[in-house]
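query-v4.txt (compact mmCIF, C-alpha atoms) appears below.
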# COMPACT_ATOMS: atom_id res chain seq x y z
CA MET A 1 103.98 110.81 135.77
CA SER A 2 105.02 114.46 135.37
CA GLN A 3 107.79 115.32 132.95
CA PRO A 4 111.00 116.75 134.43
CA ASP A 5 111.73 120.45 133.98
CA PRO A 6 114.17 120.61 131.00
CA LEU A 7 116.15 123.47 132.53
CA LEU A 8 116.53 121.64 135.84
CA GLU A 9 117.57 118.46 134.04
CA PHE A 10 120.23 120.33 132.09
CA LEU A 11 121.67 121.96 135.21
CA LEU A 12 121.83 118.60 136.96
CA ARG A 13 123.66 117.11 133.99
CA MET A 14 126.26 119.87 134.02
CA GLY A 15 126.67 119.80 137.79
CA ASP A 16 126.74 116.03 138.09
CA ASN A 17 129.46 115.75 135.44
CA THR A 18 131.75 118.14 137.26
CA LEU A 19 130.88 116.72 140.68
CA VAL A 20 131.62 113.11 139.83
CA LEU A 21 134.74 113.87 137.81
CA GLY A 22 135.94 116.28 140.50
CA HIS A 23 135.64 113.55 143.11
CA ARG A 24 137.39 111.04 140.86
CA VAL A 25 140.31 113.42 140.30
CA SER A 26 140.49 114.22 144.02
CA GLU A 27 141.30 110.57 144.64
CA TRP A 28 144.79 111.34 143.33
CA CYS A 29 145.52 113.78 146.16
CA GLY A 30 148.79 112.67 147.78
CA LYS A 31 149.29 109.94 145.16
CA GLY A 32 150.47 111.85 142.08
CA PRO A 33 153.54 110.55 140.24
CA VAL A 34 155.44 113.78 141.03
CA LEU A 35 154.65 116.70 143.32
CA GLU A 36 153.82 119.09 140.48
CA GLU A 37 151.22 116.70 139.07
CA ASP A 38 149.82 115.96 142.51
CA ILE A 39 149.17 119.67 143.05
CA ALA A 40 147.80 120.16 139.53
CA LEU A 41 145.33 117.29 139.94
CA ALA A 42 144.16 118.64 143.29
CA ASN A 43 143.63 122.08 141.77
CA THR A 44 141.69 120.59 138.87
CA ALA A 45 139.44 118.75 141.31
CA LEU A 46 138.85 121.96 143.27
CA ASP A 47 137.95 123.84 140.07
CA LEU A 48 135.44 121.14 139.11
CA ILE A 49 133.83 121.12 142.55
CA GLY A 50 133.60 124.92 142.42
CA GLN A 51 131.79 124.67 139.10
CA THR A 52 129.50 122.05 140.63
CA GLN A 53 128.57 124.54 143.34
CA MET A 54 127.42 126.99 140.67
CA TRP A 55 125.51 124.51 138.52
CA LEU A 56 123.79 122.69 141.37
CA GLY A 57 123.19 125.94 143.26
CA LEU A 58 121.26 127.27 140.28
CA ALA A 59 119.51 123.91 139.93
CA GLY A 60 118.31 124.19 143.53
CA ASP A 61 116.98 127.68 142.86
CA ILE A 62 115.15 126.53 139.72
CA GLU A 63 113.71 123.52 141.51
CA GLY A 64 112.28 125.76 144.23
CA LYS A 65 112.16 123.09 146.95
CA GLY A 66 114.76 124.60 149.25
CA ARG A 67 117.50 122.15 148.32
CA SER A 68 121.02 123.55 148.28
CA ALA A 69 123.91 122.50 146.07
CA ASP A 70 125.18 120.38 148.97
CA ASP A 71 121.77 118.70 149.30
CA LEU A 72 121.72 117.83 145.61
CA ALA A 73 125.28 116.56 145.72
CA MET A 74 125.12 114.54 148.91
CA LEU A 75 121.53 113.39 149.38
CA ARG A 76 120.49 112.00 146.01
CA ASP A 77 120.80 108.31 145.14
CA ALA A 78 122.70 106.94 142.15
CA TRP A 79 119.64 106.64 139.89
CA GLU A 80 118.97 110.38 140.32
CA PHE A 81 122.37 111.39 138.94
CA ARG A 82 122.60 112.65 135.36
CA CYS A 83 126.34 112.44 134.70
CA THR A 84 127.82 110.71 131.68
CA LEU A 85 129.37 107.28 131.99
CA LEU A 86 132.81 108.62 131.09
CA VAL A 87 133.24 110.63 134.28
CA GLU A 88 132.30 107.65 136.44
CA GLN A 89 135.14 105.50 135.15
CA PRO A 90 137.90 104.62 137.66
CA ASN A 91 141.19 106.49 137.57
CA GLY A 92 143.34 103.54 136.57
CA ASP A 93 146.95 104.62 136.10
CA PHE A 94 148.05 108.23 135.58
CA GLY A 95 147.82 107.94 131.81
CA GLN A 96 144.25 106.64 131.97
CA THR A 97 143.28 109.49 134.27
CA MET A 98 144.76 112.06 131.89
CA MET A 99 143.08 110.47 128.86
CA ARG A 100 139.72 110.59 130.63
CA GLN A 101 140.41 114.20 131.59
CA TYR A 102 141.36 115.20 128.05
CA LEU A 103 138.28 113.61 126.47
CA PHE A 104 136.06 115.39 128.98
CA ASP A 105 137.95 118.69 128.74
CA GLN A 106 137.70 118.75 124.95
CA TRP A 107 133.91 118.42 125.11
CA HIS A 108 133.59 120.63 128.19
CA LEU A 109 135.45 123.55 126.62
CA LEU A 110 133.27 123.47 123.50
CA GLN A 111 130.13 123.23 125.62
CA LEU A 112 131.07 126.19 127.80
CA ARG A 113 132.01 128.36 124.84
CA ALA A 114 128.58 127.70 123.36
CA LEU A 115 126.86 128.33 126.69
CA LYS A 116 128.44 131.78 126.97
CA ASP A 117 125.88 132.81 124.33
CA SER A 118 122.97 131.25 126.25
CA SER A 119 119.71 133.16 126.37
CA HIS A 120 119.67 132.35 130.10
CA ASP A 121 121.80 135.03 131.74
CA GLN A 122 122.84 132.97 134.76
CA ILE A 123 123.93 130.02 132.62
CA ALA A 124 125.92 132.35 130.38
CA ALA A 125 127.63 133.86 133.43
CA ILE A 126 128.54 130.46 134.90
CA ALA A 127 129.90 129.33 131.54
CA ALA A 128 132.05 132.44 131.17
CA LYS A 129 133.57 131.93 134.60
CA ALA A 130 134.11 128.18 134.17
CA GLU A 131 135.62 128.57 130.70
CA LYS A 132 138.70 130.30 132.14
CA GLU A 133 139.44 127.30 134.37
CA VAL A 134 138.59 124.69 131.75
CA THR A 135 140.85 126.35 129.17
CA TYR A 136 143.75 125.56 131.51
CA HIS A 137 142.46 122.06 132.21
CA HIS A 138 142.29 121.39 128.46
CA GLU A 139 145.75 122.76 127.72
CA ARG A 140 147.27 120.65 130.46
CA SER A 141 145.48 117.40 129.70
CA ALA A 142 146.09 117.67 125.94
CA ASP A 143 149.77 118.39 126.53
CA LEU A 144 150.17 115.38 128.82
CA VAL A 145 148.31 113.05 126.45
CA ILE A 146 150.66 114.14 123.65
CA ARG A 147 153.79 113.84 125.78
CA LEU A 148 152.86 110.41 127.10
CA GLY A 149 151.51 109.11 123.80
CA ASP A 150 154.55 110.23 121.84
CA GLY A 151 156.76 109.26 124.72
CA THR A 152 158.50 106.08 125.69
CA GLU A 153 158.08 102.40 124.88
CA GLU A 154 156.31 102.09 128.22
CA SER A 155 154.06 105.15 128.12
CA ARG A 156 152.74 104.88 124.57
CA PRO A 157 151.06 101.44 124.88
CA LYS A 158 149.47 102.56 128.14
CA MET A 159 148.03 105.67 126.49
CA GLN A 160 146.73 103.65 123.55
CA ALA A 161 145.09 101.23 125.97
CA ALA A 162 143.51 104.16 127.82
CA LEU A 163 142.16 105.60 124.57
CA ASP A 164 140.80 102.22 123.49
CA LEU A 165 139.06 101.85 126.86
CA LEU A 166 137.59 105.35 127.17
CA TYR A 167 136.85 106.54 123.64
CA PRO A 168 133.66 104.45 123.32
CA TYR A 169 132.10 106.58 126.08
CA VAL A 170 132.55 109.81 124.12
CA GLY A 171 129.50 109.38 121.91
CA GLU A 172 127.14 110.00 124.81
CA PHE A 173 128.12 113.67 124.92
CA PHE A 174 126.54 114.22 121.52
CA GLU A 175 123.31 112.25 121.87
CA GLY A 176 120.35 114.59 122.15
CA ASP A 177 116.97 113.94 123.74
CA ALA A 178 113.76 115.90 124.39
CA THR A 179 115.47 118.03 127.05
CA ASP A 180 118.25 119.01 124.67
CA LYS A 181 115.77 119.80 121.89
CA THR A 182 113.71 122.08 124.15
CA LEU A 183 116.76 123.98 125.39
CA ALA A 184 118.27 124.33 121.93
CA GLU A 185 115.02 125.75 120.56
CA ALA A 186 114.96 128.27 123.44
CA GLY A 187 118.58 129.26 122.80
CA ILE A 188 119.57 128.14 126.30
CA ALA A 189 122.02 125.39 125.36
CA PRO A 190 123.45 124.02 122.11
CA ASP A 191 122.17 120.95 120.34
CA PRO A 192 124.68 118.31 121.53
CA ALA A 193 125.19 117.02 117.99
CA SER A 194 126.30 120.48 116.85
CA LEU A 195 129.51 120.13 118.88
CA ARG A 196 130.58 116.82 117.36
CA GLY A 197 132.38 118.18 114.30
CA ALA A 198 134.62 120.54 116.27
CA PHE A 199 135.26 117.84 118.88
CA ASP A 200 136.28 115.25 116.30
CA ALA A 201 138.58 117.70 114.52
CA ALA A 202 140.35 118.71 117.73
CA LEU A 203 140.55 115.11 118.93
CA SER A 204 142.06 113.95 115.65
CA THR A 205 144.72 116.67 115.81
CA THR A 206 145.66 115.81 119.38
CA MET A 207 145.79 112.06 118.76
CA ASP A 208 147.92 112.56 115.65
CA GLU A 209 150.42 114.56 117.72
CA ALA A 210 150.29 111.85 120.39
CA THR A 211 150.87 109.16 117.71
CA LEU A 212 147.78 107.33 118.97
CA THR A 213 145.11 105.60 116.88
CA LEU A 214 141.42 106.26 117.45
CA PRO A 215 139.37 103.07 117.92
CA ASP A 216 136.47 102.15 115.65
CA SER A 217 133.83 104.78 116.43
CA ARG A 218 130.98 102.31 115.85
CA PHE A 219 131.35 101.05 119.40
CA THR A 220 129.61 103.49 121.71
CA HIS A 221 128.40 103.13 125.28
CA LYS A 222 125.03 104.75 125.98
CA GLY A 223 123.86 105.67 129.34
CA GLY A 224 123.81 108.37 131.94
CA LYS A 225 121.54 111.15 130.72
CA THR A 226 118.25 109.64 131.79
CA GLY A 227 119.60 108.49 135.12
CA THR A 228 118.36 104.98 134.37
CA ARG A 229 121.64 103.31 133.42
CA HIS A 230 124.89 103.76 135.22
CA SER A 231 127.87 101.54 135.73
CA GLU A 232 128.50 99.99 139.11
CA HIS A 233 131.29 102.52 139.51
CA LEU A 234 128.89 105.35 140.39
CA GLY A 235 127.36 103.49 143.31
CA HIS A 236 130.79 102.77 144.77
CA LEU A 237 131.88 106.36 144.25
CA LEU A 238 128.79 107.81 145.95
CA THR A 239 129.31 105.49 148.90
CA GLN A 240 132.69 107.12 149.42
CA MET A 241 131.56 110.66 148.63
CA GLN A 242 128.33 110.78 150.61
CA TRP A 243 129.00 108.61 153.65
CA LEU A 244 129.73 111.43 156.11
CA GLN A 245 126.56 113.39 155.30
CA ARG A 246 124.52 110.19 155.32
CA ALA A 247 125.98 109.00 158.62
CA TYR A 248 125.63 112.40 160.32
CA PRO A 249 122.74 114.20 158.61
CA GLY A 250 122.97 117.96 158.84
CA ALA A 251 126.38 117.91 160.55
CA THR A 252 128.40 121.13 160.37
CA TRP A 253 131.97 121.96 161.26
I need this file expressed as structure tokens, please.
Amino acid sequence: MSQPDPLLEFLLRMGDNTLVLGHRVSEWCGKGPVLEEDIALANTALDLIGQTQMWLGLAGDIEGKGRSADDLAMLRDAWEFRCTLLVEQPNGDFGQTMMRQYLFDQWHLLQLRALKDSSHDQIAAIAAKAEKEVTYHHERSADLVIRLGDGTEESRPKMQAALDLLYPYVGEFFEGDATDKTLAEAGIAPDPASLRGAFDAALSTTMDEATLTLPDSRFTHKGGKTGTRHSEHLGHLLTQMQWLQRAYPGATW
């Protein structure tokens, strides 16, 4: 069995993370707690899908089989996706959605800043463009986590419950494998573990301001990188996301 191209694998990981999370966030459209948040969530989803177009578009070019970003997004099955388990998790209430967003944004911003120095010019260019959007995403999600955590008798327990539920998925961002090792040695992408210190420091600061307590870090879910283990949530999500293209292959409008 041939080994996957490390560069292609990396691009799929980046694109699948933004694709799946973008779709999850888009589920809030028309359902936000207030109009301002409804619009902000929709804009965040659009930003993430736009980043997906860049990552998966480059992946299609690297693959060289004529598959477009749309093909990679809409015509692969669940076991071919490379996203982390965190982004698959259901929205839950507004606080849970914002906690998931913050945990992803904190990692995503560090990842993009490192990728701006990539030896691969196209990856560096995508990272530089995406960083501008993700800087806003991070500022907003961190602010809301702090406001809700250090908020009312109703909001704080909900935010603590969201952190307890989602924090165990964070460890996956920093677990390296052969693909990560190859790309780090080539200067294309950072060693995932190298981002952990900055992530933990920023996370600790934010949670202190939010008056929330980090769970025991020994409990960590492993999963999505190899495409061999995903929660049942991804299958349900892809059913919603891909049904039109699957039902009407090649349809245009």
Which residue is closest to His23 of chain A? Choose from A:His236, A:Arg67, A:Arg82, A:Lys132 and count all atoms listed in the file.
A:His236
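For the point (131.2, 121.2, 120.2) in file coordinates, the residues within 9 Å, using all atoms listed in the file, are Gln106, Trp107, His108, Leu109, Leu110, Gln111, Arg113, Ala114, Phe174, Pro190, Pro192, Ala193, Ser194, Leu195, Arg196, Gly197, Ala198, Phe199 and Asp200 of chain A.
Distance annotation: of A:Asp208, A:Asp117, A:Asp143, A:Glu232, the residue with the minimal separation from Ala184 of chain A is A:Asp117; atom set is all atoms listed in the file.
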What does the distance between atom CA of Cys29 of chain A and atom CA of Asn43 of chain A come to in Å, to one decimal place?
9.6 Å
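Considering the residues A:Met54, A:Leu85, A:Ile126, A:Met74 and counting all atoms listed in the file, Pro249 of chain A has its shortest atom-to-atom contact with A:Met74.
Atom CA of Ala128 of chain A is positioned 12.6 Å from atom CA of Trp55 of chain A.
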Nearest residue to Thr135 of chain A out of A:Thr211, A:Thr44, A:Leu12, A:Glu63, using only C-alpha atoms?
A:Thr44
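Pairwise distance (atom CA of Ile188 of chain A, atom CA of Tyr136 of chain A) equals 24.9 Å.
Using all atoms listed in the file, the residues found no farther than 9 Å from Val20 of chain A, other than those of its own chain fewer than 6 positions away, are Leu48, Ile49, Cys83, Val87, Glu88, Leu234, Leu237 and Leu238 of chain A.
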